[in-house]
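Participant: What follows is the file my_file25.cif, containing mmCIF, C-alpha atoms:
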```cif
data_run
#
loop_
_atom_site.group_PDB
_atom_site.id
_atom_site.type_symbol
_atom_site.label_atom_id
_atom_site.label_comp_id
_atom_site.auth_asym_id
_atom_site.auth_seq_id
_atom_site.Cartn_x
_atom_site.Cartn_y
_atom_site.Cartn_z
ATOM 1 C CA MET A 1 -48.219 -12.664 -27.115
ATOM 2 C CA THR A 2 -44.698 -11.676 -26.081
ATOM 3 C CA VAL A 3 -44.134 -8.062 -25.099
ATOM 4 C CA ILE A 4 -40.661 -6.849 -25.941
ATOM 5 C CA LYS A 5 -39.616 -3.870 -23.854
ATOM 6 C CA PRO A 6 -37.229 -1.417 -25.502
ATOM 7 C CA LEU A 7 -33.740 -1.135 -24.089
ATOM 8 C CA HIS A 8 -32.551 2.255 -22.892
ATOM 9 C CA SER A 9 -28.883 2.869 -23.587
ATOM 10 C CA LEU A 10 -26.454 3.861 -20.858
ATOM 11 C CA PRO A 11 -25.466 7.100 -22.664
ATOM 12 C CA SER A 12 -29.128 8.170 -22.866
ATOM 13 C CA LEU A 13 -29.585 7.558 -19.127
ATOM 14 C CA LEU A 14 -26.444 9.543 -18.328
ATOM 15 C CA ALA A 15 -27.672 12.373 -20.549
ATOM 16 C CA THR A 16 -31.009 12.387 -18.696
ATOM 17 C CA LEU A 17 -29.275 12.555 -15.340
ATOM 18 C CA ASP A 18 -26.891 15.246 -16.555
ATOM 19 C CA ALA A 19 -29.854 17.427 -17.449
ATOM 20 C CA ALA A 20 -31.771 16.676 -14.232
ATOM 21 C CA VAL A 21 -29.100 16.698 -11.511
ATOM 22 C CA PRO A 22 -28.565 20.228 -10.143
ATOM 23 C CA SER A 23 -25.153 21.837 -10.113
ATOM 24 C CA ALA A 24 -22.972 21.039 -7.140
ATOM 25 C CA THR A 25 -22.253 23.755 -4.610
ATOM 26 C CA VAL A 26 -19.012 24.747 -2.951
ATOM 27 C CA ILE A 27 -18.877 24.422 0.820
ATOM 28 C CA ILE A 28 -16.172 24.984 3.391
ATOM 29 C CA ARG A 29 -15.217 21.708 5.042
ATOM 30 C CA PRO A 30 -12.905 21.229 8.021
ATOM 31 C CA ALA A 31 -9.639 19.876 6.641
ATOM 32 C CA ALA A 32 -9.809 16.989 9.123
ATOM 33 C CA LEU A 33 -13.111 15.847 7.542
ATOM 34 C CA ALA A 34 -12.324 16.583 3.895
ATOM 35 C CA GLU A 35 -10.735 13.272 2.849
ATOM 36 C CA GLY A 36 -12.311 12.113 -0.407
ATOM 37 C CA CYS A 37 -13.741 15.545 -1.219
ATOM 38 C CA VAL A 38 -12.690 17.377 -4.371
ATOM 39 C CA ALA A 39 -10.988 20.720 -3.865
ATOM 40 C CA ALA A 40 -12.906 23.488 -5.617
ATOM 41 C CA LYS A 41 -9.951 25.896 -5.576
ATOM 42 C CA ASN A 42 -6.190 25.602 -5.361
ATOM 43 C CA ILE A 43 -5.068 25.304 -1.746
ATOM 44 C CA HIS A 44 -1.855 27.265 -1.134
ATOM 45 C CA ALA A 45 0.688 26.847 1.634
ATOM 46 C CA PRO A 46 0.369 29.766 4.072
ATOM 47 C CA HIS A 47 4.089 29.489 4.874
ATOM 48 C CA GLN A 48 7.106 27.364 4.059
ATOM 49 C CA TRP A 49 7.839 24.060 5.765
ATOM 50 C CA PRO A 50 9.934 23.524 7.691
ATOM 51 C CA PRO A 51 9.980 27.189 8.742
ATOM 52 C CA VAL A 52 13.670 26.973 9.749
ATOM 53 C CA HIS A 53 16.557 24.535 9.303
ATOM 54 C CA THR A 54 15.824 21.334 11.259
ATOM 55 C CA ALA A 55 18.257 18.680 12.480
ATOM 56 C CA LEU A 56 17.916 15.188 10.995
ATOM 57 C CA ALA A 57 20.493 13.644 13.320
ATOM 58 C CA ALA A 58 21.914 14.157 16.775
ATOM 59 C CA GLY A 59 25.205 16.043 16.891
ATOM 60 C CA TYR A 60 26.407 19.621 16.818
ATOM 61 C CA ALA A 61 25.000 22.515 14.804
ATOM 62 C CA VAL A 62 27.720 24.154 12.718
ATOM 63 C CA LEU A 63 28.221 26.546 9.836
ATOM 64 C CA ALA A 64 29.533 24.253 7.092
ATOM 65 C CA ARG A 65 32.152 26.691 5.775
ATOM 66 C CA GLU A 66 33.773 26.792 9.212
ATOM 67 C CA THR A 67 34.592 23.072 8.919
ATOM 68 C CA VAL A 68 36.546 23.431 5.637
ATOM 69 C CA GLY A 69 39.818 21.513 5.864
ATOM 70 C CA ALA A 70 38.942 19.740 9.111
ATOM 71 C CA SER A 71 40.493 16.262 9.488
ATOM 72 C CA VAL A 72 42.122 14.088 12.103
ATOM 73 C CA ASP A 73 45.540 15.505 11.161
ATOM 74 C CA THR A 74 44.324 19.098 10.856
ATOM 75 C CA PRO A 75 41.541 19.676 13.406
ATOM 76 C CA VAL A 76 39.661 22.945 13.315
ATOM 77 C CA LEU A 77 38.513 24.856 16.377
ATOM 78 C CA PRO A 78 34.926 26.166 16.094
ATOM 79 C CA PRO A 79 34.937 29.982 16.281
ATOM 80 C CA GLN A 80 31.827 30.196 18.455
ATOM 81 C CA GLY A 81 31.833 26.799 20.173
ATOM 82 C CA LEU A 82 29.525 23.879 19.367
ATOM 83 C CA LEU A 83 25.856 23.674 20.302
ATOM 84 C CA PRO A 84 24.441 20.134 20.661
ATOM 85 C CA VAL A 85 21.171 19.352 18.843
ATOM 86 C CA CYS A 86 18.836 16.341 18.704
ATOM 87 C CA ILE A 87 16.715 15.016 15.854
ATOM 88 C CA GLY A 88 13.933 17.486 15.104
ATOM 89 C CA ASP A 89 15.574 20.445 16.840
ATOM 90 C CA ARG A 90 15.644 23.806 15.116
ATOM 91 C CA LEU A 91 19.145 24.845 14.181
ATOM 92 C CA PRO A 92 20.453 28.066 15.696
ATOM 93 C CA ALA A 93 20.768 31.062 13.407
ATOM 94 C CA ALA A 94 23.889 31.133 11.191
ATOM 95 C CA THR A 95 24.227 27.313 11.166
ATOM 96 C CA ASP A 96 23.404 25.046 8.246
ATOM 97 C CA ALA A 97 24.728 21.551 9.006
ATOM 98 C CA VAL A 98 24.964 18.951 11.758
ATOM 99 C CA LEU A 99 28.286 17.444 12.764
ATOM 100 C CA ASP A 100 28.260 13.899 14.212
ATOM 101 C CA HIS A 101 29.468 13.364 17.770
ATOM 102 C CA GLN A 102 32.250 11.167 16.381
ATOM 103 C CA ALA A 103 33.487 14.093 14.277
ATOM 104 C CA VAL A 104 34.472 16.048 17.368
ATOM 105 C CA ASN A 105 37.457 15.571 19.657
ATOM 106 C CA ARG A 106 37.453 16.817 23.226
ATOM 107 C CA ILE A 107 40.773 18.109 24.494
ATOM 108 C CA GLY A 108 40.556 19.404 28.004
ATOM 109 C CA GLY A 109 37.646 21.804 28.060
ATOM 110 C CA LYS A 110 37.793 22.491 24.332
ATOM 111 C CA MET A 111 36.297 20.716 21.328
ATOM 112 C CA GLU A 112 37.822 20.506 17.860
ATOM 113 C CA MET A 113 36.243 19.417 14.585
ATOM 114 C CA ILE A 114 37.969 16.604 12.696
ATOM 115 C CA THR A 115 35.492 16.153 9.814
ATOM 116 C CA GLN A 116 34.420 18.515 7.055
ATOM 117 C CA VAL A 117 30.694 18.767 6.271
ATOM 118 C CA ALA A 118 28.714 20.323 3.437
ATOM 119 C CA PRO A 119 25.850 22.820 3.778
ATOM 120 C CA GLY A 120 22.595 20.973 4.476
ATOM 121 C CA GLU A 121 24.280 17.791 5.697
ATOM 122 C CA GLN A 122 22.044 15.999 8.224
ATOM 123 C CA VAL A 123 19.629 18.941 7.952
ATOM 124 C CA ARG A 124 16.214 19.527 6.435
ATOM 125 C CA MET A 125 16.601 23.020 5.083
ATOM 126 C CA ALA A 126 13.961 25.708 5.589
ATOM 127 C CA GLY A 127 11.317 25.399 2.860
ATOM 128 C CA HIS A 128 12.703 22.016 1.748
ATOM 129 C CA ASP A 129 9.321 20.236 1.892
ATOM 130 C CA VAL A 130 6.924 23.067 0.993
ATOM 131 C CA ARG A 131 7.633 26.523 -0.383
ATOM 132 C CA ASP A 132 5.675 29.525 0.854
ATOM 133 C CA GLY A 133 2.628 29.947 -1.400
ATOM 134 C CA ALA A 134 3.072 26.607 -3.176
ATOM 135 C CA ILE A 135 -0.069 24.771 -4.304
ATOM 136 C CA VAL A 136 -0.438 21.825 -1.931
ATOM 137 C CA ILE A 137 -3.868 20.665 -3.191
ATOM 138 C CA PRO A 138 -4.667 21.532 -6.826
ATOM 139 C CA ALA A 139 -8.274 22.310 -7.728
ATOM 140 C CA GLY A 140 -10.070 19.203 -8.972
ATOM 141 C CA THR A 141 -7.955 16.879 -6.801
ATOM 142 C CA ALA A 142 -9.530 14.479 -4.335
ATOM 143 C CA VAL A 143 -8.248 15.159 -0.832
ATOM 144 C CA SER A 144 -6.169 12.202 0.371
ATOM 145 C CA ALA A 145 -4.681 11.183 3.704
ATOM 146 C CA GLN A 146 -1.388 12.711 2.516
ATOM 147 C CA HIS A 147 -3.156 16.015 1.822
ATOM 148 C CA ARG A 148 -4.668 15.942 5.303
ATOM 149 C CA LEU A 149 -1.187 15.451 6.758
ATOM 150 C CA VAL A 150 0.051 18.494 4.833
ATOM 151 C CA CYS A 151 -2.914 20.511 6.130
ATOM 152 C CA ASP A 152 -2.131 19.474 9.704
ATOM 153 C CA VAL A 153 1.539 20.383 9.301
ATOM 154 C CA LEU A 154 0.766 23.775 7.741
ATOM 155 C CA SER A 155 -2.185 24.505 10.086
ATOM 156 C CA ILE A 156 -4.675 24.681 7.199
ATOM 157 C CA LYS A 157 -7.987 24.385 9.041
ATOM 158 C CA SER A 158 -10.526 24.360 6.201
ATOM 159 C CA ILE A 159 -10.871 23.547 2.503
ATOM 160 C CA GLU A 160 -13.299 24.794 -0.115
ATOM 161 C CA ALA A 161 -14.700 21.622 -1.674
ATOM 162 C CA TRP A 162 -17.473 20.564 -4.000
ATOM 163 C CA ASP A 163 -20.536 19.214 -2.230
ATOM 164 C CA PHE A 164 -22.591 16.351 -3.678
ATOM 165 C CA ALA A 165 -25.442 15.215 -1.421
ATOM 166 C CA LEU A 166 -27.258 11.912 -1.908
ATOM 167 C CA ALA A 167 -30.093 10.215 -0.074
ATOM 168 C CA LEU A 168 -30.019 6.431 0.297
ATOM 169 C CA GLN A 169 -33.317 4.810 1.161
ATOM 170 C CA PRO A 170 -33.009 2.334 4.061
ATOM 171 C CA HIS A 171 -32.447 -1.337 3.327
ATOM 172 C CA GLU A 172 -31.020 -4.259 5.277
ATOM 173 C CA ASP A 173 -28.914 -5.579 2.382
ATOM 174 C CA PRO A 174 -25.142 -5.241 3.110
ATOM 175 C CA SER A 175 -24.591 -3.700 -0.327
ATOM 176 C CA ARG A 176 -26.233 -0.511 0.958
ATOM 177 C CA GLN A 177 -23.485 0.027 3.523
ATOM 178 C CA TRP A 178 -20.820 -0.718 0.918
ATOM 179 C CA LEU A 179 -22.389 1.867 -1.395
ATOM 180 C CA ALA A 180 -22.546 4.485 1.366
ATOM 181 C CA ASP A 181 -18.891 3.878 2.266
ATOM 182 C CA GLN A 182 -17.830 4.094 -1.383
ATOM 183 C CA LEU A 183 -19.661 7.374 -1.905
ATOM 184 C CA ARG A 184 -18.220 8.891 1.271
ATOM 185 C CA MET A 185 -14.754 7.974 -0.034
ATOM 186 C CA TRP A 186 -15.589 10.195 -3.020
ATOM 187 C CA GLY A 187 -16.487 13.067 -0.710
ATOM 188 C CA CYS A 188 -20.266 12.755 -1.051
ATOM 189 C CA CYS A 189 -22.597 13.805 1.737
ATOM 190 C CA ILE A 190 -24.880 10.845 2.550
ATOM 191 C CA ASP A 191 -28.259 11.067 4.301
ATOM 192 C CA ASP A 192 -27.721 14.534 5.753
ATOM 193 C CA HIS A 193 -31.281 15.663 6.415
ATOM 194 C CA GLN A 194 -30.154 19.288 6.687
ATOM 195 C CA VAL A 195 -28.992 19.277 3.057
ATOM 196 C CA ALA A 196 -31.289 18.849 0.054
ATOM 197 C CA PRO A 197 -30.141 15.739 -1.851
ATOM 198 C CA MET A 198 -29.103 16.098 -5.476
ATOM 199 C CA MET A 199 -30.070 12.492 -6.110
ATOM 200 C CA THR A 200 -31.928 9.701 -4.294
ATOM 201 C CA ILE A 201 -31.270 5.972 -4.543
ATOM 202 C CA ASP A 202 -34.199 3.635 -3.981
ATOM 203 C CA TRP A 203 -33.767 -0.091 -3.402
ATOM 204 C CA LYS A 204 -36.169 -1.638 -5.859
ATOM 205 C CA ALA A 205 -36.086 -2.833 -9.415
ATOM 206 C CA ASP A 206 -37.418 -0.541 -12.119
ATOM 207 C CA SER A 207 -39.817 -2.727 -14.094
ATOM 208 C CA ALA A 208 -40.886 0.073 -16.437
ATOM 209 C CA ALA A 209 -37.591 0.313 -18.284
ATOM 210 C CA GLN A 210 -34.782 -1.982 -19.267
ATOM 211 C CA LEU A 211 -31.303 -0.521 -19.162
ATOM 212 C CA ALA A 212 -28.827 -1.841 -21.725
ATOM 213 C CA LEU A 213 -26.215 -2.484 -19.048
ATOM 214 C CA LEU A 214 -24.744 -5.765 -17.811
ATOM 215 C CA PRO A 215 -24.833 -6.337 -14.928
ATOM 216 C CA GLY A 216 -27.639 -3.908 -14.344
ATOM 217 C CA ALA A 217 -30.980 -5.667 -14.634
ATOM 218 C CA GLY A 218 -33.574 -3.557 -12.887
ATOM 219 C CA ILE A 219 -31.541 -0.341 -12.738
ATOM 220 C CA GLY A 220 -33.568 2.668 -13.811
ATOM 221 C CA ALA A 221 -34.109 6.348 -13.160
ATOM 222 C CA SER A 222 -36.886 8.871 -12.801
ATOM 223 C CA ALA A 223 -36.403 12.582 -13.347
ATOM 224 C CA ASP A 224 -39.962 13.533 -12.344
ATOM 225 C CA HIS A 225 -38.909 14.632 -8.857
ATOM 226 C CA MET A 226 -37.039 17.676 -7.559
ATOM 227 C CA ALA A 227 -34.010 15.394 -7.360
ATOM 228 C CA PRO A 228 -33.687 12.429 -9.741
ATOM 229 C CA VAL A 229 -34.336 8.990 -8.278
ATOM 230 C CA LEU A 230 -32.202 6.010 -9.223
ATOM 231 C CA TYR A 231 -33.743 2.578 -8.787
ATOM 232 C CA CYS A 232 -31.474 -0.341 -8.024
ATOM 233 C CA PRO A 233 -32.301 -3.875 -6.856
ATOM 234 C CA PRO A 234 -30.416 -4.861 -3.689
ATOM 235 C CA ARG A 235 -27.952 -7.086 -5.536
ATOM 236 C CA PHE A 236 -24.263 -6.440 -5.149
ATOM 237 C CA ASP A 237 -23.453 -6.851 -8.856
ATOM 238 C CA CYS A 238 -26.120 -4.283 -9.733
ATOM 239 C CA VAL A 239 -24.867 -1.919 -7.047
ATOM 240 C CA VAL A 240 -21.330 -2.160 -8.462
ATOM 241 C CA ALA A 241 -22.696 -1.399 -11.940
ATOM 242 C CA LEU A 242 -24.639 1.541 -10.529
ATOM 243 C CA VAL A 243 -21.539 2.947 -8.839
ATOM 244 C CA PHE A 244 -19.024 2.718 -11.661
ATOM 245 C CA ALA A 245 -21.213 3.059 -14.751
ATOM 246 C CA ILE A 246 -23.655 5.728 -13.529
ATOM 247 C CA LEU A 247 -22.788 7.421 -10.236
ATOM 248 C CA LEU A 248 -19.080 7.928 -10.879
ATOM 249 C CA PRO A 249 -19.578 9.772 -14.223
ATOM 250 C CA VAL A 250 -22.348 11.953 -12.768
ATOM 251 C CA ILE A 251 -20.446 12.811 -9.579
ATOM 252 C CA ALA A 252 -17.211 13.419 -11.489
ATOM 253 C CA ALA A 253 -18.950 15.823 -13.879
ATOM 254 C CA ARG A 254 -20.549 17.776 -11.023
ATOM 255 C CA THR A 255 -17.477 17.985 -8.778
ATOM 256 C CA ALA A 256 -14.714 18.452 -11.379
ATOM 257 C CA ARG A 257 -13.233 15.154 -10.210
ATOM 258 C CA ARG A 258 -10.429 13.808 -12.365
ATOM 259 C CA VAL A 259 -11.096 10.183 -13.303
ATOM 260 C CA GLN A 260 -7.973 8.334 -14.337
ATOM 261 C CA THR A 261 -8.287 5.973 -17.290
ATOM 262 C CA MET A 262 -5.794 3.250 -18.131
ATOM 263 C CA SER A 263 -5.343 1.103 -21.241
ATOM 264 C CA TYR A 264 -4.638 -2.622 -21.262
ATOM 265 C CA ILE A 265 -4.394 -5.332 -23.899
ATOM 266 C CA LEU A 266 -7.208 -7.875 -23.602
ATOM 267 C CA GLN A 267 -5.915 -11.430 -23.706
ATOM 268 C CA ARG A 268 -9.308 -12.954 -24.516
ATOM 269 C CA LYS A 269 -12.165 -11.762 -26.686
ATOM 270 C CA LEU A 270 -15.293 -10.437 -25.018
ATOM 271 C CA PRO A 271 -18.381 -11.365 -27.076
ATOM 272 C CA SER A 272 -21.132 -8.800 -26.465
ATOM 273 C CA ARG A 273 -24.538 -8.113 -27.861
ATOM 274 C CA ILE A 274 -24.873 -5.000 -29.991
ATOM 275 C CA GLY A 275 -25.955 -1.955 -27.998
ATOM 276 C CA ILE A 276 -25.154 -3.430 -24.569
ATOM 277 C CA SER A 277 -22.739 -1.727 -22.183
ATOM 278 C CA GLU A 278 -20.871 -4.156 -19.950
ATOM 279 C CA LEU A 279 -18.801 -3.991 -16.806
ATOM 280 C CA VAL A 280 -16.203 -6.745 -16.721
ATOM 281 C CA LEU A 281 -13.913 -7.934 -13.945
ATOM 282 C CA LEU A 282 -10.299 -7.992 -15.071
ATOM 283 C CA LYS A 283 -7.153 -9.557 -13.690
ATOM 284 C CA ILE A 284 -4.300 -7.180 -14.468
ATOM 285 C CA HIS A 285 -0.781 -8.408 -15.114
ATOM 286 C CA GLY A 286 1.490 -5.634 -16.324
ATOM 287 C CA LYS A 287 -0.191 -4.208 -19.438
ATOM 288 C CA GLU A 288 -2.262 -7.352 -20.010
ATOM 289 C CA ALA A 289 -5.872 -7.820 -18.894
ATOM 290 C CA TYR A 290 -7.504 -11.202 -18.390
ATOM 291 C CA PRO A 291 -11.330 -11.073 -18.188
ATOM 292 C CA PHE A 292 -13.194 -13.109 -15.564
ATOM 293 C CA GLY A 293 -16.451 -14.828 -16.374
#
```
Any chance you could put this one into structure tokens?
Facilitator:
Amino acid sequence: MTVIKPLHSLPSLLATLDAAVPSATVIIRPAALAEGCVAAKNIHAPHQWPPVHTALAAGYAVLARETVGASVDTPVLPPQGLLPVCIGDRLPAATDAVLDHQAVNRIGGKMEMITQVAPGEQVRMAGHDVRDGAIVIPAGTAVSAQHRLVCDVLSIKSIEAWDFALALQPHEDPSRQWLADQLRMWGCCIDDHQVAPMMTIDWKADSAAQLALLPGAGIGASADHMAPVLYCPPRFDCVVALVFAILLPVIAARTARRVQTMSYILQRKLPSRIGISELVLLKIHGKEAYPFG
């Protein structure tokens, strides 16, 4: 006698997890350790950047309007003299441009300007990169290396971020480390024994249920614990299916993470059995997608 086990659909599993996984909490993370985390609130610039006009080239700091009409035939004497600056120097007050060394003639102990410049020439103006109070990390955005750089520049020390804690049972299979690294990239807290996990991942096949997911043989879940337990055999293809078909939707829903979707034109049909969800490797060329396997 053949026993046919019923297939559990992917949407029904996700619905079960959605009901069982507790709501994520907001924690304050050091900005230096927040890469991958999702900002829970808009992060505003505490001040403009750069705070003052900054030289982008070596030369002389000038007020642009004082160079009007300057040329080789009609040199202009600077009213207050010329102050040399190097790249990155703050410009003195009442100056707004940098004049090249070659644009200045020395006659005796005096200097005369022989080139006209415009305001902001060879200068990064105050507030050019970031305005005071501007949103530098919008709520719901994953903190990137670029965001961390902005935080360092603006002296933003901490970020309010969503916290999603998971426990990974030990296993020697390399896919476990890959999974842990992937989840940390999404800002998840992994195996922190001081934090109660919102979900646990156990490395064994669930023989009691069959999930209608390919690849995904042996993936299952139990909501009978304080935190749901996901069962996954230590096979890399199953781990990939677990990550992108199950964990990503659950984590995104709990942390307000924005998941970008893109549309492509399949260049070959994908025959599938009715009721089966599939993850497929694609080779992308422009707007065309070529399935593997």
Participant: Around the point (16.0, 24.2, 7.7), in the coordinates given by the file, pick out the residues reaching within 10 Å, counting all atoms listed in the file, and return them as an NGL selection string.
Facilitator: :A and (49-56 or 89-92 or 95-97 or 120 or 123-129)
Participant: May I have the residues from that selection written out with C-alpha atoms, as an mmCIF file, keeping the file's coordinate frame?
Facilitator:
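Once everything was written out, this is part-v9.cif:
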```cif
data_model
loop_
_atom_site.group_PDB
_atom_site.id
_atom_site.type_symbol
_atom_site.label_atom_id
_atom_site.label_comp_id
_atom_site.auth_asym_id
_atom_site.auth_seq_id
_atom_site.Cartn_x
_atom_site.Cartn_y
_atom_site.Cartn_z
ATOM 1 C CA TRP A 49 7.839 24.060 5.765
ATOM 2 C CA PRO A 50 9.934 23.524 7.691
ATOM 3 C CA PRO A 51 9.980 27.189 8.742
ATOM 4 C CA VAL A 52 13.670 26.973 9.749
ATOM 5 C CA HIS A 53 16.557 24.535 9.303
ATOM 6 C CA THR A 54 15.824 21.334 11.259
ATOM 7 C CA ALA A 55 18.257 18.680 12.480
ATOM 8 C CA LEU A 56 17.916 15.188 10.995
ATOM 9 C CA ASP A 89 15.574 20.445 16.840
ATOM 10 C CA ARG A 90 15.644 23.806 15.116
ATOM 11 C CA LEU A 91 19.145 24.845 14.181
ATOM 12 C CA PRO A 92 20.453 28.066 15.696
ATOM 13 C CA THR A 95 24.227 27.313 11.166
ATOM 14 C CA ASP A 96 23.404 25.046 8.246
ATOM 15 C CA ALA A 97 24.728 21.551 9.006
ATOM 16 C CA GLY A 120 22.595 20.973 4.476
ATOM 17 C CA VAL A 123 19.629 18.941 7.952
ATOM 18 C CA ARG A 124 16.214 19.527 6.435
ATOM 19 C CA MET A 125 16.601 23.020 5.083
ATOM 20 C CA ALA A 126 13.961 25.708 5.589
ATOM 21 C CA GLY A 127 11.317 25.399 2.860
ATOM 22 C CA HIS A 128 12.703 22.016 1.748
ATOM 23 C CA ASP A 129 9.321 20.236 1.892
#
```
Participant: Looking at all atoms listed in the file, which of A:Val195, A:Gly286, A:Val239, A:Leu248 is the one that sits closest to Met262 (chain A)?
Facilitator: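 Between A:Val195, A:Gly286, A:Val239, A:Leu248, the residue approaching Met262 (chain A) most closely is A:Gly286.
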Participant: Between A:Ala45, A:Val38, A:Ala19, A:Ala180, single out the one closest to Ile135 (chain A), counting all atoms listed in the file.
Facilitator: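 Answer, going by the shortest atom-to-atom distance: A:Ala45.
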Participant: Name all residues at most 12 Å from Gln146 (chain A) (count all atoms listed in the file; drop same-chain ones fewer than 6 positions away) and give them as a PyMOL selection string.
Facilitator: chain A and resi 31-32+34-36+136-137+152-153
Participant: Please determine the residues with any atom at most 12 Å from (32.5, 33.4, 17.8) (coordinates as given in the file, with only C-alpha atoms counting) and report them as a ChimeraX atom specification.
Facilitator: /A:62-63,66,77-82,94
Participant: One decimal, in Å: what's the spacing between CA of Gln182 (chain A) and CA of Gln260 (chain A)?
Facilitator: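 That distance, rounded to one decimal, is 16.8 Å.
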Participant: Provide the CA of Leu13 (chain A) to CA of Val229 (chain A) distance in Å, to one decimal place.
Facilitator: 11.9 Å
Participant: What does the PyMOL selection byres ((chain A and resi 57) around 9) select in this file, as a compact mmCIF listing (two decimals) with C-alpha atoms, keeping the file's coordinate frame?
Facilitator:
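Saved the output as result.txt:
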```txt
# COMPACT_ATOMS: atom_id res chain seq x y z
CA ALA A 55 18.26 18.68 12.48
CA LEU A 56 17.92 15.19 11.00
CA ALA A 58 21.91 14.16 16.77
CA GLY A 59 25.20 16.04 16.89
CA VAL A 85 21.17 19.35 18.84
CA CYS A 86 18.84 16.34 18.70
CA ILE A 87 16.72 15.02 15.85
CA GLY A 88 13.93 17.49 15.10
CA VAL A 98 24.96 18.95 11.76
CA LEU A 99 28.29 17.44 12.76
CA ASP A 100 28.26 13.90 14.21
CA GLN A 122 22.04 16.00 8.22
CA VAL A 123 19.63 18.94 7.95
```
